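Student: Dropping the structure in here first, questions after.
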Amino acid sequence: MTLLKVDQLSKQFKQHQAVKKISFSIDEGRCVALLGPNGAGKTTTIHMLTGLLRPTSGDIQLYLQGKQVADRRPHLGYLPQMPVFYSWMTGREFVQYAGQLAGLSRQEAERRTEEWLEIVGIQDAAKRRIGGYSGGMKQRLGLAQALIHRPKLLILDEPVSALDPIGRRDVLRILEQIRQETTILFSTHILHDAEEICDDIILIEQGEIAVQGSLEHIRQSHSEPMIMIETLNEAQAKALEIAIRNKPYVHHVASEHQTLRVTVSQLEEAERGIMTEAVQHQIFIRKLEAGHSTLEDLFMKVVRA
Amino acid sequence: MRQFGLFYRKEMLEMARSYKWIWVPMVFLLLGVMQPVTTYYMPEILKHAGNMPAGTIITMPTPTAGEVLAQTLNQFGTIGVLVLVLSMMGIVSGERQSGVTSLIFTKPVSFIAYMTAKWASMLTLTAAAFACGYAGACYYTIQLIGSLDVGTVIQAGLMYMLWFVFVISVLLLISAWLPNSAGVAFTTMAFIMLLSFGTSLLSRYLSWSPSRLSTIASEILTKVETLSSVGPVLWISLCSILICVMLAVYRMQSQESISAKA
């Protein structure tokens with residue numbers, strides 16, 4: 001069942017069009033990654049979804065049991081990229097305050113605060129002022145305040161980008177835990193994080209949707225036969241690239257130091273052709289691997305195009 | 001209404017934890033006490049100043065108790081206003097600039113509750129500080145200079161308090177309008193000073209100006225026949241306070257991006 005529907009959403013800042021008529025929808029119970037390089041328009045999109053920023057044009061609709069709701073905010077939980085709290089409050093006070101603002105009664109807010117502080121693992125620091133919290137603790141506190149009112153949709157802006165590996169692991173573990181009950185939309189520029197916990201991917205680049213769909217589907221439909229060749233040095237790689245670039249079996253060549261990643265039409269034919277070229281140009285091949293392109297290749301292709 | 005209570009309690013707690021509840025009333029108390037005390041000891045102070053030629057005789061008419069209190073109000077009008085503005089300049093703009101508003105306004109909160117709670121908390125602090133300072137001034141005036149008429153003192157105090165309410169309403173509006181706190185303080189001070197200056201310069205045309213409130217308060221204390229009728233000034237002040245608060249709410253609601261950082 002559709003939970004969120006975004007239709008032709010655009011945002012124009014003075015000179016710069018940050019988001020260009022994007023449309024997508026999110027089904028209930030899914031975990032969706034909004035993927036894209038820095039500056040692609042992820043944060044702008046998220047700000048419009050949460051109501052912090054007014055769209056220039058377009059429509060955002062949230063459905064509850066098939067009915068559109070007028071005010072999205074009671075059903076949303078939001079964690080910004082760099083959450084800022086009142087530094088003079090304690091962690092416990094802030095989560096409680098957030099819960100009460102979201103409409104919980106005092107007792108209910110108090111009870112759930114304890115629950116969530118424990119889930120995110122900062123109950124020991126709950127008595128301390130937030131001013132003394134580390135980045136990782138603030139992120140956890142941010143999760144607790146976003147989830148205390150049991151939102152239908154949890155929106156996270158780069159939830160793990162600024163964390164160290166342990167903090168990152170912990171936050172992903174918490175997300176894994178809550179995705180049973182809540183639909184999640186989170187933005188990231190790291191493909192790996194998206195692959196780890198998401199069902200669907202929306203890849204945006206320069207304010208436009210480049211690819212969207214379920215992870216499985218994208219993996220299959222965008223997977224192309226690919227050959228990875230490692231040569232002796234950069235000069236040889238360059239020479240080989242020039243030699244094979246215009247062959248009919250080659251679709252696309254990406255080079256990085258002494259390694260070439262060649263997207264081809266057909267593996268066997270291409271491999272034979274490349275070998276011939278290598279022999280002809282006296283290029284030493286250290287390693288040759290035939291396989292299929294990964295999501296990362298797709299991501300790089302879209303981002304660099 | 002529930003949210004108003006929540007926001008109001010939060011503001012009160014913040015003011016307590018940032019020690020505003022201590023230092024703002026302290027400044028007012030000091031200001032209030034200083035005026036009667038220095039007036040009383042002025043002949044002594046001058047005598048000990050030491051740089052007078054020998055044989056100088058200074059005769060000063062001892063001011064009446066009402067006049068001393070009116071002078072105290074003048075102190076509140078300059079340094080007092082400055083302290084109020086500086087202590088509360090970031091009340092909205094500070095939260096927007098830090099980015100904490102992006103957590104608050106993604107919750108289903110009402111802009112009216114948010115802004116009016118801020119206004120009410122400013123009012124509470126101002127009233128407490130003013131009451132402290134005014135009470136201190138009255139006490140020392142009675143002790144050192146002479147008795148005061150209770151009715152007059154309360155009347156003048158209320159008039160003056162209304163002027164302060166006008167000042168904080170303007171401050172709230174400008175804090176909602178401008179993104180940084182220093183700019184808020186400067187603009188508010190400039191506006192208040194221009195208004196006071198303009199009113200005294202063009203008193204014939206601006207006899208309804210809210211800044212007349214402070215003059216009226218002094219006139220009540222010194223029992224001078226008042227220039228303007230009090231009625232229009234009161235009405236205009238109350239209306240401008242209401243308009244300031246409403247505009248501040250409207251401004252918060254209508255801006256494109258709630259967090260200044262977006």
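Residues are named by chain letter and number: chains run A, B, ... in the order of the structure tokens, numbers start at 1 in each chain, and ligands are numbered from 1 in the order shown.
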Counting only C-alpha atoms, which residues from chain B have an atom at most 6 Å from any atom of chain A, and could you show them as a ChimeraX atom specification?

Tutor: /B:99-100,106-108,256-258

Student: Residues as selected, N, CA, C and O atoms, written as a short mmCIF file (atom, residue, chain, number, x, y, z; two decimals), in the first residue's frame, can you do that?

Tutor:
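Saved result, part-v1.cif, follows:
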```cif
data_model
loop_
_atom_site.label_atom_id
_atom_site.label_comp_id
_atom_site.auth_asym_id
_atom_site.auth_seq_id
_atom_site.Cartn_x
_atom_site.Cartn_y
_atom_site.Cartn_z
N GLY B 99 19.65 25.58 14.38
CA GLY B 99 19.10 24.46 13.63
C GLY B 99 18.19 23.59 14.47
O GLY B 99 17.63 22.62 13.98
N VAL B 100 17.99 23.94 15.75
CA VAL B 100 17.14 23.12 16.59
C VAL B 100 15.68 23.22 16.15
O VAL B 100 14.89 22.31 16.37
N THR B 106 9.31 19.84 12.81
CA THR B 106 8.86 18.65 12.10
C THR B 106 7.90 17.86 12.99
O THR B 106 7.34 16.87 12.56
N LYS B 107 7.74 18.30 14.22
CA LYS B 107 6.70 17.73 15.08
C LYS B 107 5.43 18.54 14.83
O LYS B 107 5.51 19.70 14.39
N PRO B 108 4.27 17.96 15.11
CA PRO B 108 3.04 18.71 14.82
C PRO B 108 2.81 19.83 15.83
O PRO B 108 1.95 19.73 16.69
N GLU B 256 9.77 30.73 3.80
CA GLU B 256 9.99 29.60 2.91
C GLU B 256 10.67 28.45 3.64
O GLU B 256 10.31 27.29 3.50
N SER B 257 11.66 28.79 4.46
CA SER B 257 12.39 27.75 5.15
C SER B 257 12.43 28.06 6.64
O SER B 257 12.77 29.17 7.03
N ILE B 258 12.04 27.09 7.45
CA ILE B 258 11.93 27.35 8.89
C ILE B 258 13.29 27.44 9.55
O ILE B 258 13.53 28.28 10.40
#
```

Student: Near range 111-118 of chain A, within 8 Å and counting only C-alpha atoms, which residues show up once chain neighbours fewer than 3 positions away are dropped, as a PDB file with N, CA and C atoms, in the first residue's frame?

Tutor:
```
ATOM      1  N   ARG A  92      17.497  12.972  28.493  1.00  0.00           N
ATOM      2  CA  ARG A  92      16.167  12.482  28.871  1.00  0.00           C
ATOM      3  C   ARG A  92      15.125  13.580  28.698  1.00  0.00           C
ATOM      4  N   VAL A  95      14.193  14.143  24.918  1.00  0.00           N
ATOM      5  CA  VAL A  95      13.346  13.111  24.303  1.00  0.00           C
ATOM      6  C   VAL A  95      11.920  13.228  24.827  1.00  0.00           C
ATOM      7  N   GLN A  96      11.814  13.510  26.129  1.00  0.00           N
ATOM      8  CA  GLN A  96      10.492  13.678  26.728  1.00  0.00           C
ATOM      9  C   GLN A  96       9.753  14.868  26.126  1.00  0.00           C
ATOM     10  N   GLY A  99       8.608  14.070  22.726  1.00  0.00           N
ATOM     11  CA  GLY A  99       7.439  13.194  22.781  1.00  0.00           C
ATOM     12  C   GLY A  99       6.176  13.972  23.090  1.00  0.00           C
ATOM     13  N   GLN A 107       2.910  11.167  31.074  1.00  0.00           N
ATOM     14  CA  GLN A 107       3.286   9.830  31.564  1.00  0.00           C
ATOM     15  C   GLN A 107       3.766   8.948  30.421  1.00  0.00           C
ATOM     16  N   GLU A 108       2.989   9.030  29.309  1.00  0.00           N
ATOM     17  CA  GLU A 108       3.325   8.213  28.144  1.00  0.00           C
ATOM     18  C   GLU A 108       4.707   8.602  27.622  1.00  0.00           C
ATOM     19  N   GLY A 121      20.667   3.033  23.321  1.00  0.00           N
ATOM     20  CA  GLY A 121      21.876   2.797  24.114  1.00  0.00           C
ATOM     21  C   GLY A 121      22.520   4.009  24.733  1.00  0.00           C
ATOM     22  N   ILE A 122      21.725   4.999  25.144  1.00  0.00           N
ATOM     23  CA  ILE A 122      22.353   6.123  25.841  1.00  0.00           C
ATOM     24  C   ILE A 122      21.717   6.359  27.208  1.00  0.00           C
ATOM     25  N   GLN A 123      21.129   5.299  27.781  1.00  0.00           N
ATOM     26  CA  GLN A 123      20.467   5.517  29.082  1.00  0.00           C
ATOM     27  C   GLN A 123      21.451   5.938  30.165  1.00  0.00           C
ATOM     28  N   ALA A 126      21.791   9.696  29.989  1.00  0.00           N
ATOM     29  CA  ALA A 126      20.513  10.424  29.934  1.00  0.00           C
ATOM     30  C   ALA A 126      20.444  11.584  30.919  1.00  0.00           C
ATOM     31  N   LEU A 141      20.565  10.044  20.141  1.00  0.00           N
ATOM     32  CA  LEU A 141      19.523  10.849  20.777  1.00  0.00           C
ATOM     33  C   LEU A 141      18.529  11.329  19.709  1.00  0.00           C
ATOM     34  N   ALA A 144      16.163   8.612  18.916  1.00  0.00           N
ATOM     35  CA  ALA A 144      15.170   8.434  19.973  1.00  0.00           C
ATOM     36  C   ALA A 144      14.073   9.488  19.862  1.00  0.00           C
ATOM     37  N   LEU A 147      11.691   8.846  16.971  1.00  0.00           N
ATOM     38  CA  LEU A 147      10.876   7.628  16.991  1.00  0.00           C
ATOM     39  C   LEU A 147       9.886   7.565  18.137  1.00  0.00           C
ATOM     40  N   ILE A 148       9.990   8.503  19.077  1.00  0.00           N
ATOM     41  CA  ILE A 148       9.226   8.363  20.315  1.00  0.00           C
ATOM     42  C   ILE A 148       7.712   8.334  20.089  1.00  0.00           C
TER      43      ILE A 148
END
```

Student: Considering only C-alpha atoms, state which residue in the set B:Ser18, B:Ser102, B:Ser203, B:Ser147 is at the smallest distance from Asp157 in chain A.

Tutor: B:Ser102

Student: May I have the residues within 10 Å of Ser214 in chain B as a ChimeraX atom specification, using only C-alpha atoms and disregarding those fewer than 6 positions away in the same chain?

Tutor: /B:70,73-74,76-77,156-157,159-164,196,220

Student: If we count only C-alpha atoms, what is near Ser237 in chain B at a cut-off of 12 Å, once residues fewer than 4 positions away on the same chain are taken out, given as a VMD selection string?

Tutor: chain B and resid 159 to 167 169 to 170 207 to 214 230 to 233 241 to 244

Student: CA of Cys31 in chain A and CA of Lys11 in chain A are how many Å apart?

Tutor: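 Atom-to-atom, CA of Cys31 in chain A and CA of Lys11 in chain A are spaced 24.5 Å apart.
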
Student: Going by DSSP on the backbone, which residues of range 13-133 of chain A come out as strand (DSSP E)? List them as a ChimeraX atom specification.

Tutor: /A:17-27,31-35,57-64,67-68,76-79

Student: Near Gly66 in chain B, within 12 Å and counting only C-alpha atoms, which residues show up once chain neighbours fewer than 2 positions away are dropped, as a compact mmCIF listing (two decimals) with all heavy atoms, in the first residue's frame?

Tutor:
```txt
# COMPACT_ATOMS: atom_id res chain seq x y z
N PRO B 36 18.11 56.49 44.00
CA PRO B 36 17.86 57.19 45.27
C PRO B 36 19.11 57.32 46.12
O PRO B 36 19.31 58.37 46.78
CB PRO B 36 16.80 56.31 45.96
CG PRO B 36 16.72 55.06 45.19
CD PRO B 36 17.25 55.33 43.84
N THR B 62 16.79 69.64 47.17
CA THR B 62 16.56 68.21 47.34
C THR B 62 15.34 67.82 46.51
O THR B 62 14.29 68.44 46.63
CB THR B 62 16.25 67.89 48.81
OG1 THR B 62 17.11 68.70 49.61
CG2 THR B 62 16.43 66.44 49.12
N PRO B 63 15.52 66.83 45.61
CA PRO B 63 14.37 66.44 44.79
C PRO B 63 13.30 65.75 45.64
O PRO B 63 13.61 65.18 46.68
CB PRO B 63 14.98 65.48 43.77
CG PRO B 63 16.24 65.00 44.39
CD PRO B 63 16.71 66.04 45.34
N THR B 64 12.09 65.82 45.16
CA THR B 64 11.02 65.12 45.86
C THR B 64 11.14 63.63 45.60
O THR B 64 11.82 63.20 44.66
CB THR B 64 9.64 65.57 45.37
OG1 THR B 64 9.53 65.18 44.00
CG2 THR B 64 9.48 67.08 45.51
N VAL B 68 12.70 61.51 42.24
CA VAL B 68 13.74 60.48 42.28
C VAL B 68 13.27 59.20 41.57
O VAL B 68 13.99 58.61 40.76
CB VAL B 68 14.13 60.15 43.74
CG1 VAL B 68 15.09 58.97 43.77
CG2 VAL B 68 14.76 61.35 44.39
N LEU B 69 12.03 58.83 41.83
CA LEU B 69 11.50 57.62 41.20
C LEU B 69 11.39 57.80 39.68
O LEU B 69 11.66 56.88 38.90
CB LEU B 69 10.14 57.30 41.81
CG LEU B 69 9.82 55.82 41.96
CD1 LEU B 69 10.95 55.10 42.68
CD2 LEU B 69 8.50 55.63 42.70
N ALA B 70 11.03 59.01 39.26
CA ALA B 70 10.94 59.29 37.83
C ALA B 70 12.32 59.17 37.19
O ALA B 70 12.47 58.65 36.08
CB ALA B 70 10.37 60.68 37.61
N GLN B 71 13.36 59.63 37.93
CA GLN B 71 14.73 59.49 37.39
C GLN B 71 15.12 58.02 37.28
O GLN B 71 15.79 57.61 36.32
CB GLN B 71 15.73 60.21 38.31
CG GLN B 71 15.69 61.72 38.14
CD GLN B 71 16.34 62.44 39.31
OE1 GLN B 71 16.89 61.81 40.21
NE2 GLN B 71 16.28 63.76 39.30
N THR B 72 14.68 57.22 38.26
CA THR B 72 14.96 55.79 38.19
C THR B 72 14.36 55.19 36.92
O THR B 72 14.99 54.40 36.23
CB THR B 72 14.36 55.07 39.41
OG1 THR B 72 14.67 55.82 40.56
CG2 THR B 72 14.90 53.68 39.53
N LEU B 73 13.12 55.60 36.63
CA LEU B 73 12.48 55.08 35.42
C LEU B 73 13.29 55.45 34.19
O LEU B 73 13.40 54.67 33.24
CB LEU B 73 11.06 55.63 35.30
CG LEU B 73 10.04 55.08 36.31
CD1 LEU B 73 8.65 55.59 35.99
CD2 LEU B 73 10.05 53.55 36.31
N ALA B 137 13.87 50.54 44.23
CA ALA B 137 13.93 52.00 44.13
C ALA B 137 12.96 52.64 45.11
O ALA B 137 13.31 53.59 45.81
CB ALA B 137 13.60 52.41 42.69
N CYS B 138 11.74 52.08 45.19
CA CYS B 138 10.73 52.64 46.09
C CYS B 138 11.22 52.54 47.54
O CYS B 138 11.13 53.51 48.30
CB CYS B 138 9.42 51.87 45.96
SG CYS B 138 8.59 52.23 44.43
N THR B 141 13.94 55.02 48.21
CA THR B 141 13.43 56.39 48.12
C THR B 141 12.69 56.73 49.41
O THR B 141 12.88 57.80 50.00
CB THR B 141 12.49 56.52 46.91
OG1 THR B 141 13.18 56.09 45.76
CG2 THR B 141 12.05 57.96 46.72
N ILE B 142 11.86 55.78 49.88
CA ILE B 142 11.10 56.03 51.11
C ILE B 142 12.06 56.16 52.30
O ILE B 142 11.92 57.05 53.14
CB ILE B 142 10.09 54.89 51.34
CG1 ILE B 142 9.00 54.94 50.27
CG2 ILE B 142 9.45 55.00 52.72
CD1 ILE B 142 8.15 53.71 50.18
N ILE B 145 14.58 59.53 51.20
CA ILE B 145 14.12 60.82 50.70
C ILE B 145 12.75 61.23 51.23
O ILE B 145 12.59 62.30 51.78
CB ILE B 145 14.19 60.85 49.16
CG1 ILE B 145 15.67 60.82 48.78
CG2 ILE B 145 13.54 62.11 48.59
CD1 ILE B 145 15.97 60.36 47.43
N GLY B 146 11.79 60.38 51.10
CA GLY B 146 10.49 60.79 51.60
C GLY B 146 9.40 59.82 51.19
O GLY B 146 9.66 58.89 50.41
N SER B 147 8.22 60.03 51.69
CA SER B 147 7.17 59.04 51.47
C SER B 147 6.60 59.16 50.06
O SER B 147 6.70 60.19 49.40
CB SER B 147 6.06 59.22 52.50
OG SER B 147 5.46 60.48 52.28
N LEU B 148 6.01 58.06 49.63
CA LEU B 148 5.44 57.99 48.28
C LEU B 148 3.98 57.59 48.41
O LEU B 148 3.60 56.87 49.33
CB LEU B 148 6.16 56.93 47.45
CG LEU B 148 7.56 57.25 46.95
CD1 LEU B 148 8.28 55.98 46.57
CD2 LEU B 148 7.48 58.21 45.76
N ASP B 149 3.21 58.04 47.43
CA ASP B 149 1.81 57.66 47.40
C ASP B 149 1.66 56.33 46.64
O ASP B 149 2.07 56.21 45.49
CB ASP B 149 1.00 58.75 46.70
CG ASP B 149 -0.45 58.33 46.53
OD1 ASP B 149 -1.01 57.78 47.50
OD2 ASP B 149 -0.98 58.52 45.43
N VAL B 150 1.13 55.30 47.35
CA VAL B 150 1.09 53.96 46.77
C VAL B 150 0.35 53.92 45.44
O VAL B 150 0.82 53.35 44.46
CB VAL B 150 0.44 52.97 47.77
CG1 VAL B 150 0.39 51.57 47.17
CG2 VAL B 150 1.20 52.96 49.08
N THR B 152 -0.15 56.21 43.20
CA THR B 152 0.62 56.85 42.13
C THR B 152 1.73 55.93 41.65
O THR B 152 1.96 55.79 40.46
CB THR B 152 1.27 58.15 42.64
OG1 THR B 152 0.39 58.75 43.57
CG2 THR B 152 1.59 59.09 41.52
N VAL B 153 2.43 55.33 42.64
CA VAL B 153 3.55 54.46 42.30
C VAL B 153 3.08 53.28 41.43
O VAL B 153 3.68 52.97 40.40
CB VAL B 153 4.23 53.94 43.59
CG1 VAL B 153 5.18 52.79 43.27
CG2 VAL B 153 4.97 55.07 44.26
N ALA B 156 2.04 54.51 37.90
CA ALA B 156 3.21 54.82 37.07
C ALA B 156 3.93 53.54 36.68
O ALA B 156 4.37 53.38 35.53
CB ALA B 156 4.16 55.73 37.83
N ALA B 217 4.47 57.97 32.59
CA ALA B 217 4.80 57.39 33.90
C ALA B 217 5.55 58.41 34.75
O ALA B 217 5.23 58.60 35.93
CB ALA B 217 5.63 56.12 33.72
N SER B 218 6.54 59.09 34.16
CA SER B 218 7.30 60.11 34.91
C SER B 218 6.39 61.25 35.33
O SER B 218 6.48 61.76 36.44
CB SER B 218 8.43 60.67 34.06
OG SER B 218 9.30 59.63 33.71
N GLU B 219 5.50 61.64 34.43
CA GLU B 219 4.60 62.76 34.73
C GLU B 219 3.64 62.42 35.87
O GLU B 219 3.31 63.28 36.69
CB GLU B 219 3.82 63.15 33.47
CG GLU B 219 4.68 63.94 32.49
CD GLU B 219 4.06 64.07 31.10
OE1 GLU B 219 3.00 63.44 30.86
OE2 GLU B 219 4.62 64.79 30.28
N ILE B 220 3.22 61.15 35.91
CA ILE B 220 2.35 60.74 37.01
C ILE B 220 3.09 60.89 38.33
O ILE B 220 2.56 61.40 39.31
CB ILE B 220 1.89 59.28 36.82
CG1 ILE B 220 0.95 59.17 35.62
CG2 ILE B 220 1.20 58.76 38.08
CD1 ILE B 220 0.60 57.76 35.24
N LEU B 221 4.37 60.48 38.33
CA LEU B 221 5.16 60.51 39.57
C LEU B 221 5.48 61.93 40.01
O LEU B 221 5.47 62.26 41.19
CB LEU B 221 6.46 59.74 39.38
CG LEU B 221 6.31 58.22 39.33
CD1 LEU B 221 7.61 57.57 38.90
CD2 LEU B 221 5.87 57.69 40.69
N THR B 222 5.81 62.80 39.04
CA THR B 222 6.20 64.16 39.40
C THR B 222 5.00 65.09 39.44
O THR B 222 5.14 66.29 39.68
CB THR B 222 7.23 64.71 38.41
OG1 THR B 222 6.74 64.49 37.08
CG2 THR B 222 8.57 64.01 38.56
N LYS B 223 3.83 64.56 39.17
CA LYS B 223 2.56 65.30 39.24
C LYS B 223 2.54 66.52 38.33
O LYS B 223 2.04 67.58 38.68
CB LYS B 223 2.28 65.73 40.68
CG LYS B 223 2.40 64.65 41.71
CD LYS B 223 1.15 64.63 42.56
CE LYS B 223 1.07 63.58 43.61
NZ LYS B 223 1.71 62.40 43.63
N VAL B 224 3.13 66.35 37.16
CA VAL B 224 3.09 67.42 36.17
C VAL B 224 1.82 67.20 35.35
O VAL B 224 1.44 66.07 35.08
CB VAL B 224 4.34 67.35 35.26
CG1 VAL B 224 4.22 68.33 34.12
CG2 VAL B 224 5.58 67.61 36.07
```

Student: Find the residues near range 57-66 of chain A: any atom within 6 Å, counting only C-alpha atoms, skip ones fewer than 5 places away on the same chain, and give them as a PDB file with C-alpha atoms, in the first residue's frame.

Tutor:
```pdb
ATOM      1  CA  LEU A   3       2.348   5.500   2.097  1.00  0.00           C
ATOM      2  CA  LEU A   4       3.974   8.532   0.513  1.00  0.00           C
ATOM      3  CA  LYS A   5       3.447   9.889  -2.944  1.00  0.00           C
ATOM      4  CA  VAL A   6       5.577  12.634  -4.398  1.00  0.00           C
ATOM      5  CA  ASP A   7       4.452  14.197  -7.625  1.00  0.00           C
ATOM      6  CA  GLN A   8       6.485  16.534  -9.850  1.00  0.00           C
ATOM      7  CA  LEU A   9       8.287  18.051  -6.883  1.00  0.00           C
ATOM      8  CA  SER A  10      10.565  21.002  -7.688  1.00  0.00           C
TER       9      SER A  10
END
```

Student: Figure out the distance between CA of Phe299 in chain A and CA of Lys287 in chain A, please, to one decimal in Å.

Tutor: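 Going from CA of Lys287 in chain A over to CA of Phe299 in chain A covers 23.9 Å.
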
Student: Neighbouring residues of Gln75 in chain B were defined as those with any atom within 10 Å, considering only C-alpha atoms; residues of the same chain fewer than 6 positions away were excluded. Please report them as number ranges by chain.

Tutor: B: 28, 31-32, 34-35, 69, 81

Student: May I have all residues of range 81-203 of chain A that DSSP, computed from the backbone, assigns to helix (DSSP H, G or I), given as a VMD selection string?

Tutor: chain A and resid 91 to 101 106 to 120 123 to 125 130 to 132 135 to 147 165 to 178 191 to 197
